[in-house]
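File shown here: query19.txt, holding compact mmCIF, C-alpha atoms.
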```txt
# COMPACT_ATOMS: atom_id res chain seq x y z
CA MET E 865 99.06 111.96 75.91
CA VAL E 866 102.52 110.69 76.72
CA LEU E 867 102.63 107.33 78.47
CA GLU E 868 105.97 106.72 80.18
CA LEU E 869 107.05 103.56 81.93
CA GLY E 870 110.25 103.29 83.95
CA PRO E 871 112.98 103.62 84.81
CA CYS E 872 113.11 100.21 86.36
CA PRO E 873 115.22 97.09 85.96
CA ALA E 874 114.82 95.68 82.45
CA GLU E 875 114.44 92.22 83.97
CA ASP E 876 111.29 93.39 85.78
CA ALA E 877 109.78 94.59 82.50
CA LEU E 878 110.74 91.33 80.77
CA SER E 879 109.29 89.22 83.55
CA TRP E 880 106.01 91.15 83.71
CA SER E 881 105.64 91.18 79.93
CA LYS E 882 106.13 87.40 79.76
CA PHE E 883 103.68 86.88 82.60
CA ALA E 884 101.02 89.17 81.11
CA ARG E 885 101.48 87.76 77.59
CA ARG E 886 100.83 84.26 78.99
CA ILE E 887 97.61 85.51 80.59
CA VAL E 888 96.50 87.14 77.31
CA VAL E 889 97.19 83.92 75.37
CA GLU E 890 95.35 81.79 77.92
CA LEU E 891 92.35 84.13 77.90
CA ARG E 892 92.27 84.17 74.09
CA THR E 893 92.34 80.37 73.86
CA SER E 894 89.90 79.66 76.67
CA PRO E 895 86.36 79.04 75.44
CA THR E 896 84.90 80.73 78.53
CA GLY E 897 87.86 82.57 80.01
CA HIS E 898 87.40 86.10 78.72
CA SER E 899 83.73 87.04 78.61
CA PHE E 900 84.60 89.96 80.94
CA ILE E 901 87.03 91.54 78.44
CA SER E 902 86.81 92.16 74.71
CA ASN E 903 89.08 90.69 72.07
CA ASP E 904 90.00 94.26 71.10
CA VAL E 905 91.42 94.90 74.57
CA LEU E 906 93.33 91.63 74.52
CA GLU E 907 94.75 92.46 71.09
CA LEU E 908 95.81 95.94 72.17
CA TRP E 909 97.44 94.57 75.30
CA ALA E 910 99.23 91.89 73.27
CA THR E 911 100.67 94.57 70.99
CA THR E 912 101.70 96.76 73.93
CA LEU E 913 103.28 93.87 75.80
CA GLU E 914 105.27 92.84 72.75
CA GLU E 915 106.62 96.37 72.44
CA TRP E 916 107.59 96.47 76.12
CA PHE E 917 109.22 93.05 75.83
CA ARG E 918 111.29 94.09 72.80
CA THR E 919 112.32 97.36 74.47
CA ALA E 920 113.34 95.62 77.69
CA GLY E 921 115.18 92.91 75.75
CA ALA E 922 117.21 95.53 73.91
CA CYS E 923 118.49 97.07 77.16
CA ASP E 924 122.12 96.48 78.05
CA ARG E 925 122.71 94.36 81.13
CA ASP E 926 122.80 97.24 83.63
CA GLU E 927 120.72 99.70 81.63
CA PRO E 928 117.29 100.51 83.10
CA PHE E 929 114.13 99.92 81.13
CA ARG E 930 112.43 103.09 79.90
CA TRP E 931 109.57 103.26 77.45
CA SER E 932 107.40 106.13 76.30
CA SER E 933 104.85 106.59 73.58
CA GLU E 934 102.14 108.96 72.45
CA VAL E 935 98.83 107.33 73.28
CA GLU E 936 95.35 108.70 72.79
CA PRO E 937 93.70 109.17 76.21
CA ALA E 938 90.79 106.96 75.13
CA VAL E 939 93.24 104.16 74.26
CA ALA E 940 95.00 104.58 77.61
CA GLU E 941 91.64 104.34 79.38
CA PHE E 942 90.77 101.27 77.27
CA LEU E 943 94.01 99.54 78.29
CA LEU E 944 93.73 100.55 81.93
CA ASP E 945 90.13 99.39 82.09
CA GLY E 946 91.22 96.03 80.68
CA LEU E 947 93.94 95.72 83.30
CA ASP E 948 91.47 96.66 86.03
CA ARG E 949 89.03 94.02 84.81
CA CYS E 950 91.77 91.39 84.69
CA LEU E 951 92.99 92.15 88.18
CA HIS E 952 89.44 91.65 89.48
CA SER E 953 88.68 88.57 87.39
CA ASP E 954 88.44 85.13 88.93
CA ALA E 955 89.30 83.71 85.49
CA VAL E 956 92.64 85.55 85.55
CA LEU E 957 93.33 84.83 89.20
CA ASP E 958 92.76 81.12 88.50
CA LEU E 959 95.59 81.30 85.93
CA CYS E 960 98.10 82.68 88.47
CA THR E 961 99.74 81.43 91.60
CA GLU E 962 99.91 83.61 94.69
CA GLU E 963 103.69 83.64 94.26
CA GLU E 964 103.39 84.94 90.68
CA LEU E 965 100.98 87.65 91.70
CA GLU E 966 103.21 88.76 94.55
CA ARG E 967 106.33 88.75 92.37
CA GLN E 968 104.58 90.82 89.67
CA ARG E 969 102.87 93.26 92.05
CA PRO E 970 105.63 95.95 92.04
CA PHE E 971 105.71 96.19 88.26
CA THR E 972 101.91 96.09 88.11
CA LYS E 973 101.93 99.13 90.42
CA LEU E 974 104.43 100.80 88.10
CA VAL E 975 102.18 100.14 85.08
CA VAL E 976 99.07 101.45 86.82
CA GLY E 977 101.01 104.48 88.04
CA ALA E 978 102.24 105.25 84.52
CA PHE E 979 98.72 105.16 83.12
CA VAL E 980 97.33 107.25 85.97
CA THR E 981 100.10 109.84 85.67
CA GLY E 982 99.53 110.15 81.93
CA LEU E 983 95.78 110.45 82.30
CA VAL E 984 95.96 112.99 85.12
CA ALA E 985 98.17 115.18 82.94
CA GLU E 986 95.35 115.25 80.37
CA GLY E 987 92.95 117.15 82.62
CA ASP E 988 89.87 116.77 84.78
CA ALA E 989 87.89 114.26 82.69
CA CYS E 990 90.79 111.83 82.53
CA GLN E 991 91.73 112.49 86.14
CA HIS E 992 88.22 111.48 87.24
CA TYR E 993 88.63 108.13 85.47
CA ALA E 994 92.15 107.67 86.90
CA ASP E 995 90.79 108.29 90.40
CA GLN E 996 88.09 105.65 89.84
CA VAL E 997 90.68 103.10 88.78
CA LEU E 998 92.91 103.88 91.75
CA THR E 999 89.92 103.35 94.04
CA SER E 1000 89.08 100.10 92.26
CA LEU E 1001 92.64 98.75 92.39
CA GLY E 1002 93.77 100.21 95.69
CA ASN E 1003 93.58 97.13 97.87
CA LEU E 1004 94.88 94.84 95.11
CA LEU E 1005 98.11 96.80 94.74
CA ASP E 1006 98.93 97.47 98.41
```
Exercise: express the given structure as structure tokens:
Amino acid sequence: MVLELGPCPAEDALSWSKFARRIVVELRTSPTGHSFISNDVLELWATTLEEWFRTAGACDRDEPFRWSSEVEPAVAEFLLDGLDRCLHSDAVLDLCTEEELERQRPFTKLVVGAFVTGLVAEGDACQHYADQVLTSLGNLLD
């Protein structure tokens, strides 16, 4: 499937990538902070975030951030499930201030929307999962 993110201000992508990378690092180094999410998911998110950060950093000052990549639907579901778990995790919420969460909410919505759009385009099985995630995250992203 094609996963497309953007267009949006490159600064938003940089900010969210930095924020999310910090969370990944803190979860990886916490002795008890990531029992709800596997190391494989954290590693895959770390790789994805690094790619987004590099892409956003390469944008000219007024150029919007755009990123797209071929992603296996199972990998997209794996990443989206990890994000869903993090957004519901007290361990993650304890690492963030309310101000940070509010500032990052618009880009988080953009990320979730990109995954959902890509999965829905794959057909009914993926759409069912995307609908579940939207239900799960609905009130967190409003």
- Pick from E:Ala955, E:Ile887, E:Glu941, E:Phe917 nearest to E:Gln996, counting all atoms listed in the file: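 Closest residue, counting all atoms listed in the file: E:Glu941.
The nearest approach to E:Ser953 among the residues E:Arg967, E:Lys973, E:His898, E:Arg930, with all atoms listed in the file taken into account, belongs to E:His898.
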- Residue nearest E:Ala978 among E:Trp931, E:Val939, E:Thr999, E:Arg918 (counting all atoms listed in the file):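 Looking only at the distances to E:Ala978, the closest residue turns out to be E:Trp931.
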Dump as a Markdown table the rows for residues of stretch 900-1000 of chain E within 12 Å of stretch 871-877 of chain E: closest atom pair and distance in Å with one decimal, only C-alpha atoms counted, ordered by chain and rising residue number.
```
| residue | atom | partner | partner_atom | distance |
| --- | --- | --- | --- | --- |
| E:Thr912 | CA | E:Ala877 | CA | 12.0 |
| E:Leu913 | CA | E:Ala877 | CA | 9.4 |
| E:Glu914 | CA | E:Ala877 | CA | 10.9 |
| E:Glu915 | CA | E:Ala877 | CA | 10.7 |
| E:Trp916 | CA | E:Ala877 | CA | 7.0 |
| E:Phe917 | CA | E:Ala877 | CA | 6.9 |
| E:Arg918 | CA | E:Ala877 | CA | 9.8 |
| E:Thr919 | CA | E:Ala874 | CA | 8.5 |
| E:Ala920 | CA | E:Ala874 | CA | 5.0 |
| E:Gly921 | CA | E:Ala874 | CA | 7.3 |
| E:Ala922 | CA | E:Ala874 | CA | 8.9 |
| E:Cys923 | CA | E:Ala874 | CA | 6.6 |
| E:Asp924 | CA | E:Ala874 | CA | 8.6 |
| E:Arg925 | CA | E:Ala874 | CA | 8.1 |
| E:Asp926 | CA | E:Pro873 | CA | 7.9 |
| E:Glu927 | CA | E:Ala874 | CA | 7.2 |
| E:Pro928 | CA | E:Pro873 | CA | 4.9 |
| E:Phe929 | CA | E:Ala874 | CA | 4.5 |
| E:Arg930 | CA | E:Pro871 | CA | 5.0 |
| E:Trp931 | CA | E:Pro871 | CA | 8.1 |
| E:Ser932 | CA | E:Pro871 | CA | 10.5 |
| E:Arg967 | CA | E:Asp876 | CA | 9.5 |
| E:Gln968 | CA | E:Asp876 | CA | 8.2 |
| E:Arg969 | CA | E:Asp876 | CA | 10.5 |
| E:Pro970 | CA | E:Asp876 | CA | 8.8 |
| E:Phe971 | CA | E:Asp876 | CA | 6.7 |
| E:Thr972 | CA | E:Ala877 | CA | 9.8 |
| E:Lys973 | CA | E:Asp876 | CA | 11.9 |
| E:Leu974 | CA | E:Cys872 | CA | 8.9 |
| E:Val975 | CA | E:Ala877 | CA | 9.8 |
| E:Ala978 | CA | E:Pro871 | CA | 10.9 |
```
Using 3 Å of padding on each side, determine the axis-aligned box around all atoms of stretch 958-976 of chain E present in the file and give its centre and edge lengths in Å to one decimal, as lines of an AutoDock Vina configuration file.
```
center_x = 99.5
center_y = 91.3
center_z = 89.9
size_x = 19.6
size_y = 26.3
size_z = 15.6
```
